[in-house]
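So the structure is just underneath, and the comments pick up after that.
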Amino acid sequence: MGYALLAPSLFGVVTFLLLPMLVVGWLSVHRWDLLGPVEYVGLDNWRSVLTDPSFATSLLVTALFIVIVVPTQSLLGLAAAAMLARSLPGSGFFRTLYVLPWICSPLAIAVLWRWILAPTDGAVSRLLGERIEWLTDPDLALPVVSAVTIWTNVGYVTLFFLAGILAIPTDIQDAARTDGANAWQRFRRITLPMLRPTLFFVLVTGVISAAQVFDTVYALTAGGPQGRTDLIAHRIYAEAFGAAAVGRAAVMAAVLFVLLVGVTIAQHSYFRRRITYDVV
Amino acid sequence: MTSFSRAVSAPVIYTVLAAGALITLAPFAIGLMTSFTTADQFNTGEPLSFPAPPTLQNYTGLADAGFGRALVVTALMTAVILVGQLTFSVLAAYAFARLEFPGRDALFWVYLATLMVPATVTVVPLYLLMAQAGLRNTFWALVLPFVFGSPYAIFLLREYFRGIPADLIKAARIDGANTLDVIVHVVVPASKPILVTLSLITVVSQWNSFMWPLVITSGGRWQVLTVATAGLQSRYNAQWTLVMAATTVAIVPLIVLFVAFGRYIVRSIVVTGLK
């Protein structure tokens with residue numbers, strides 16, 4: 001009976017999650033142009049991708065994007081959660097409202113922002129009466145794409161910090177206050193350490209999702225200008241479905257997979273080592 | 001933290017929270033406003049003025065661009081995946097939570113391990129599999145990868161099912177119920193909160209999905225709303241009033257869902273942590 005109940009989901013897991021992981025490896029040593037026959041090419045794809053400057057650029061841009069987005073959204077989320085945790089009247093309303101951008105289609109959000117930031121007839125340019133090339137200036141494009149991503153994610157991150165803060169027993173805070181600890185000391189010595197699991201969750205999921213952002217880049221910049229916003233997920237897409245170099249895209253996907261698993265393991269061991277002292 | 005923020009006065013907090021609300025809402029508000037503005041007023045009138053008079057011409061324009069069909073395809077895709085995911089996830093979770101059979105724990109670990117597989121990595125190989133199966137640009141291709149249940153949903157349901165009192169299930173068994181009866185008449189009714197949670201998360205993520213539909217469909221036949229919106233944007237780059245109507249159509253159903261189920265959605269996000 002157990003097997004019968006499992007059968008459909010097992011079929012799904014094997015066919016659409018495990019098999020694709022094998023196929024990625026297999027495709028990475030083949031050449032395929034989406035239509036014609038698949039041809040074995042040995043390590044050619046690996047050689048060409050790993051020496052390709054545009055792939056290096058993409059990895060660098062993705063790393064920069066993560067470095068901008070994840071800390072910023074975490075700090076803003078923590079600050080918002082700190083204010084909401086006072087449970088002033090209306091806090092629930094704000095908490096819910098802030099999540100709105102996150103549940104909307106990232107593609108539609110990106111199209112919306114593309115208009116807001118359009119140089120000639122966009123909302124910002126018209127209000128300022130000045131033409132600013134938000135999305136085509138090589139120095140502005142990545143910060144702008146990052147800002148849109150942060151705008152989308154802050155409410156989501158806030159939810160987790162808020163849940164974490166509200167789970168801290170109030171008597172610890174009260175005891176510290178009785179002992180004369182000021183607000184900053186209590187935050188630094190009690191709240192932050194006790195938020196460690198939340199922080200871990202927010203950072204790991206933040207990195208993993210930022211490393212896969214696609215819709216936002218697709219609609220805002222298509223990876224431009226000069227590859228300055230060519231995040232890895234967009235590079236994989238462009239390689240496979242733009243340049244029809246599916247084998248090369250498979251190499252990139254394999255690299256991304258290894259990096260993501262590496263990030264998860266590294267962050268795990270770092271957090272284990274770093275802050276495991278007792279709170280009280 | 002409660003005590004940390006006590007150092008800051010309530011008016012300051014409200015000011016900051018209100019500023020945050022404005023930054024959150026303003027883009028939606030001006031996008032919505034623009035979608036009801038005539039192209040003429042948009043091009044020649046005052047920037048960001050109220051539509052005078054409000055017009056539906058952008059929305060009728062969308063109908064001509066095939067958005068009606070995209071809306072139906074998106075709704076159908078979301079519905080089929082929702083039903084499949086819930087059904088098959090419940091069955092699998094029950095097997096993992098309540099039945100004994102050889103290899104159960106090993107299989108469960110395999111399911112857990114697949115949580116590490118990023119969607120971005122599987123798009124390219126899935127495309128090859130669909131192409132080999134001759135399923136490119138079909139409704140099947142849209143739903144098949146997601147309809148057989150999700151390991152994460154199974155994981156959450158299993159936790160929940162383990163918390164259902166064994167006596168409830170035993171009592172039903174004594175009354176002669178078989179496994180399916182138990183699932184349908186005991187387990188599912190006892191698990192409404194987690195099922196609502198999973199439903200909301202599934203609807204949100206499927207309604208918004210973009211990369212997979214973008215690569216596996218072509219042309220208007222099986223185009224979903226996100227793909228139609230992206231296509232419209234690149235084709236009519238200068239017709240922003242039309243494009244804003246498209247983003248509104250893509251976003252509004254979720255906003256309605258959000259207004260109706262806001263609290264549940266917030267709780268669901270905290271429970272599941274995943275999109």
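As shown in the structure tokens, the chain order sets the letters A, B, ...; within each chain, residues go from 1, and ligands are also counted from 1 in the order they appear.
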Who sits within 8 Å of A:Leu203, only C-alpha atoms, same chain under 4 positions skipped, as a PDB file with C-alpha atoms, in the first residue's frame:
```
ATOM      1  CA  VAL A  70      21.318  39.884   0.634  1.00  0.00           C
ATOM      2  CA  PRO A  71      22.871  42.109   3.349  1.00  0.00           C
ATOM      3  CA  SER A  74      18.384  41.513   5.689  1.00  0.00           C
ATOM      4  CA  LEU A 199      19.532  34.985  10.453  1.00  0.00           C
ATOM      5  CA  VAL A 207      21.763  33.779  -1.327  1.00  0.00           C
TER       6      VAL A 207
END
```
Hey, which bits of chain A sit within 6 Å of chain B, and for each residue what's the closest pair of atoms and how far apart in Å (one decimal), counting only C-alpha atoms, rows by chain and increasing number, as JSON lines?
```
{"residue": "A:Gly2", "atom": "CA", "partner": "B:Ala95", "partner_atom": "CA", "distance": 5.1}
{"residue": "A:Leu5", "atom": "CA", "partner": "B:Leu91", "partner_atom": "CA", "distance": 5.1}
{"residue": "A:Leu6", "atom": "CA", "partner": "B:Ala92", "partner_atom": "CA", "distance": 4.6}
{"residue": "A:Pro8", "atom": "CA", "partner": "B:Phe148", "partner_atom": "CA", "distance": 5.7}
{"residue": "A:Ser9", "atom": "CA", "partner": "B:Phe148", "partner_atom": "CA", "distance": 4.9}
{"residue": "A:Gly12", "atom": "CA", "partner": "B:Phe148", "partner_atom": "CA", "distance": 5.1}
{"residue": "A:Phe16", "atom": "CA", "partner": "B:Pro145", "partner_atom": "CA", "distance": 5.5}
{"residue": "A:Pro20", "atom": "CA", "partner": "B:Pro125", "partner_atom": "CA", "distance": 5.1}
{"residue": "A:Val23", "atom": "CA", "partner": "B:Pro125", "partner_atom": "CA", "distance": 5.6}
{"residue": "A:Val24", "atom": "CA", "partner": "B:Pro125", "partner_atom": "CA", "distance": 5.6}
{"residue": "A:Ala82", "atom": "CA", "partner": "B:Met1", "partner_atom": "CA", "distance": 5.8}
{"residue": "A:Ala85", "atom": "CA", "partner": "B:Thr2", "partner_atom": "CA", "distance": 5.7}
{"residue": "A:Arg86", "atom": "CA", "partner": "B:Thr2", "partner_atom": "CA", "distance": 5.3}
{"residue": "A:Cys104", "atom": "CA", "partner": "B:Ile251", "partner_atom": "CA", "distance": 5.8}
{"residue": "A:Ser105", "atom": "CA", "partner": "B:Asn208", "partner_atom": "CA", "distance": 4.5}
{"residue": "A:Ala108", "atom": "CA", "partner": "B:Thr247", "partner_atom": "CA", "distance": 5.0}
{"residue": "A:Arg126", "atom": "CA", "partner": "B:Pro47", "partner_atom": "CA", "distance": 5.9}
{"residue": "A:Ala183", "atom": "CA", "partner": "B:Phe4", "partner_atom": "CA", "distance": 4.6}
{"residue": "A:Phe187", "atom": "CA", "partner": "B:Met1", "partner_atom": "CA", "distance": 5.8}
{"residue": "A:Thr191", "atom": "CA", "partner": "B:Met1", "partner_atom": "CA", "distance": 5.8}
{"residue": "A:Ala253", "atom": "CA", "partner": "B:Val121", "partner_atom": "CA", "distance": 4.9}
```
Next, the residues of the selection above should be written as a PDB file, in the first residue's frame with C-alpha atoms.
```
ATOM      1  CA  GLY A   2       2.819   2.366   0.895  1.00  0.00           C
ATOM      2  CA  LEU A   5       0.555   5.858  -2.440  1.00  0.00           C
ATOM      3  CA  LEU A   6       4.101   6.900  -3.255  1.00  0.00           C
ATOM      4  CA  PRO A   8       2.854   9.194  -8.491  1.00  0.00           C
ATOM      5  CA  SER A   9       5.175  11.446  -6.499  1.00  0.00           C
ATOM      6  CA  GLY A  12       7.605  12.935 -10.463  1.00  0.00           C
ATOM      7  CA  PHE A  16      11.549  15.733 -13.162  1.00  0.00           C
ATOM      8  CA  PRO A  20      17.379  16.112 -15.051  1.00  0.00           C
ATOM      9  CA  VAL A  23      20.884  14.821 -17.981  1.00  0.00           C
ATOM     10  CA  VAL A  24      22.713  18.051 -17.065  1.00  0.00           C
ATOM     11  CA  ALA A  82      12.191  45.650  15.144  1.00  0.00           C
ATOM     12  CA  ALA A  85       7.662  43.887  17.038  1.00  0.00           C
ATOM     13  CA  ARG A  86       6.490  46.701  19.281  1.00  0.00           C
ATOM     14  CA  CYS A 104       3.250  39.376  -7.176  1.00  0.00           C
ATOM     15  CA  SER A 105       4.720  38.002 -10.387  1.00  0.00           C
ATOM     16  CA  ALA A 108       5.122  41.797 -13.999  1.00  0.00           C
ATOM     17  CA  ARG A 126       8.957  62.798 -16.152  1.00  0.00           C
ATOM     18  CA  ALA A 183      18.711  49.085  24.660  1.00  0.00           C
ATOM     19  CA  PHE A 187      19.894  44.113  21.205  1.00  0.00           C
ATOM     20  CA  THR A 191      18.287  39.687  20.490  1.00  0.00           C
ATOM     21  CA  ALA A 253      23.961  24.909 -14.881  1.00  0.00           C
TER      22      ALA A 253
END
```
Checklist entry - If you run DSSP on this backbone, which residues of stretch 21-183 of chain A come out as helix (DSSP H, G or I), and could you give them as a count of residues only? => result 112
Checklist entry - Quick one: residues within 7 Å of A:Trp32, only C-alpha atoms counted, chain neighbours fewer than 6 positions away excluded, as an MDAnalysis selection string? => result chainID A and resid 38:39 245:247
Write out, as a PDB file, in the first residue's frame, the residues just selected, with N, CA and C atoms.
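What ended up in part.pdb:
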```pdb
ATOM      1  N   VAL A  38      21.811  15.276 -31.312  1.00  0.00           N
ATOM      2  CA  VAL A  38      22.733  15.523 -30.212  1.00  0.00           C
ATOM      3  C   VAL A  38      24.056  14.843 -30.544  1.00  0.00           C
ATOM      4  N   GLU A  39      25.166  15.572 -30.343  1.00  0.00           N
ATOM      5  CA  GLU A  39      26.460  15.064 -30.789  1.00  0.00           C
ATOM      6  C   GLU A  39      27.466  15.087 -29.634  1.00  0.00           C
ATOM      7  N   ALA A 245      23.174  27.038 -27.719  1.00  0.00           N
ATOM      8  CA  ALA A 245      24.331  26.240 -27.321  1.00  0.00           C
ATOM      9  C   ALA A 245      23.965  25.511 -26.037  1.00  0.00           C
ATOM     10  N   VAL A 246      23.167  24.452 -26.166  1.00  0.00           N
ATOM     11  CA  VAL A 246      22.579  23.796 -25.000  1.00  0.00           C
ATOM     12  C   VAL A 246      23.658  23.115 -24.150  1.00  0.00           C
ATOM     13  N   GLY A 247      24.673  22.514 -24.793  1.00  0.00           N
ATOM     14  CA  GLY A 247      25.739  21.862 -24.056  1.00  0.00           C
ATOM     15  C   GLY A 247      26.467  22.842 -23.149  1.00  0.00           C
TER      16      GLY A 247
END
```
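Among A:Gly224, A:Gly25, A:Gly36, A:Gly77, the residue with the shortest atom-to-atom distance to A:Gly206, counting only C-alpha atoms, is A:Gly77.
For stretch 184-188 of chain B, the set of protein, DNA and RNA residues having any atom at most 10 Å away, when counting only C-alpha atoms and skipping those fewer than 3 positions along the same chain, is Val90, Leu91, Tyr94, Tyr160, Phe161, Ile164, Pro165, Leu168, Ile169, Ala171, Ala172, Ala177, Thr179, Leu180, Asp181, Ser191, Lys192, Pro193, Ile194 and Leu195 of chain B.
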Emit the selected residues as a short mmCIF file (atom, residue, chain, number, x, y, z; two decimals), in the first residue's frame, including C-alpha atoms.
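What ended up in selection_27.cif:
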```
data_model
loop_
_atom_site.label_atom_id
_atom_site.label_comp_id
_atom_site.auth_asym_id
_atom_site.auth_seq_id
_atom_site.Cartn_x
_atom_site.Cartn_y
_atom_site.Cartn_z
CA VAL B 90 -1.12 14.02 0.54
CA LEU B 91 -0.90 10.37 -0.57
CA TYR B 94 0.54 9.74 4.46
CA TYR B 160 1.64 17.55 10.16
CA PHE B 161 0.21 14.05 9.67
CA ILE B 164 -2.67 13.62 14.12
CA PRO B 165 -3.73 11.47 17.10
CA LEU B 168 -8.55 8.95 15.40
CA ILE B 169 -7.10 6.72 12.70
CA ALA B 171 -11.17 4.34 15.42
CA ALA B 172 -11.81 4.72 11.70
CA ALA B 177 -12.28 2.13 6.79
CA THR B 179 -6.41 3.47 3.85
CA LEU B 180 -8.02 5.72 1.26
CA ASP B 181 -11.11 6.21 3.46
CA SER B 191 -5.20 18.95 8.18
CA LYS B 192 -7.13 21.90 6.79
CA PRO B 193 -4.72 24.66 7.95
CA ILE B 194 -1.65 23.12 6.32
CA LEU B 195 -3.64 22.30 3.16
#
```
Checklist entry - In Å to one decimal, how far is atom CA of B:Leu112 from atom CA of A:Val261? => result 13.8 Å
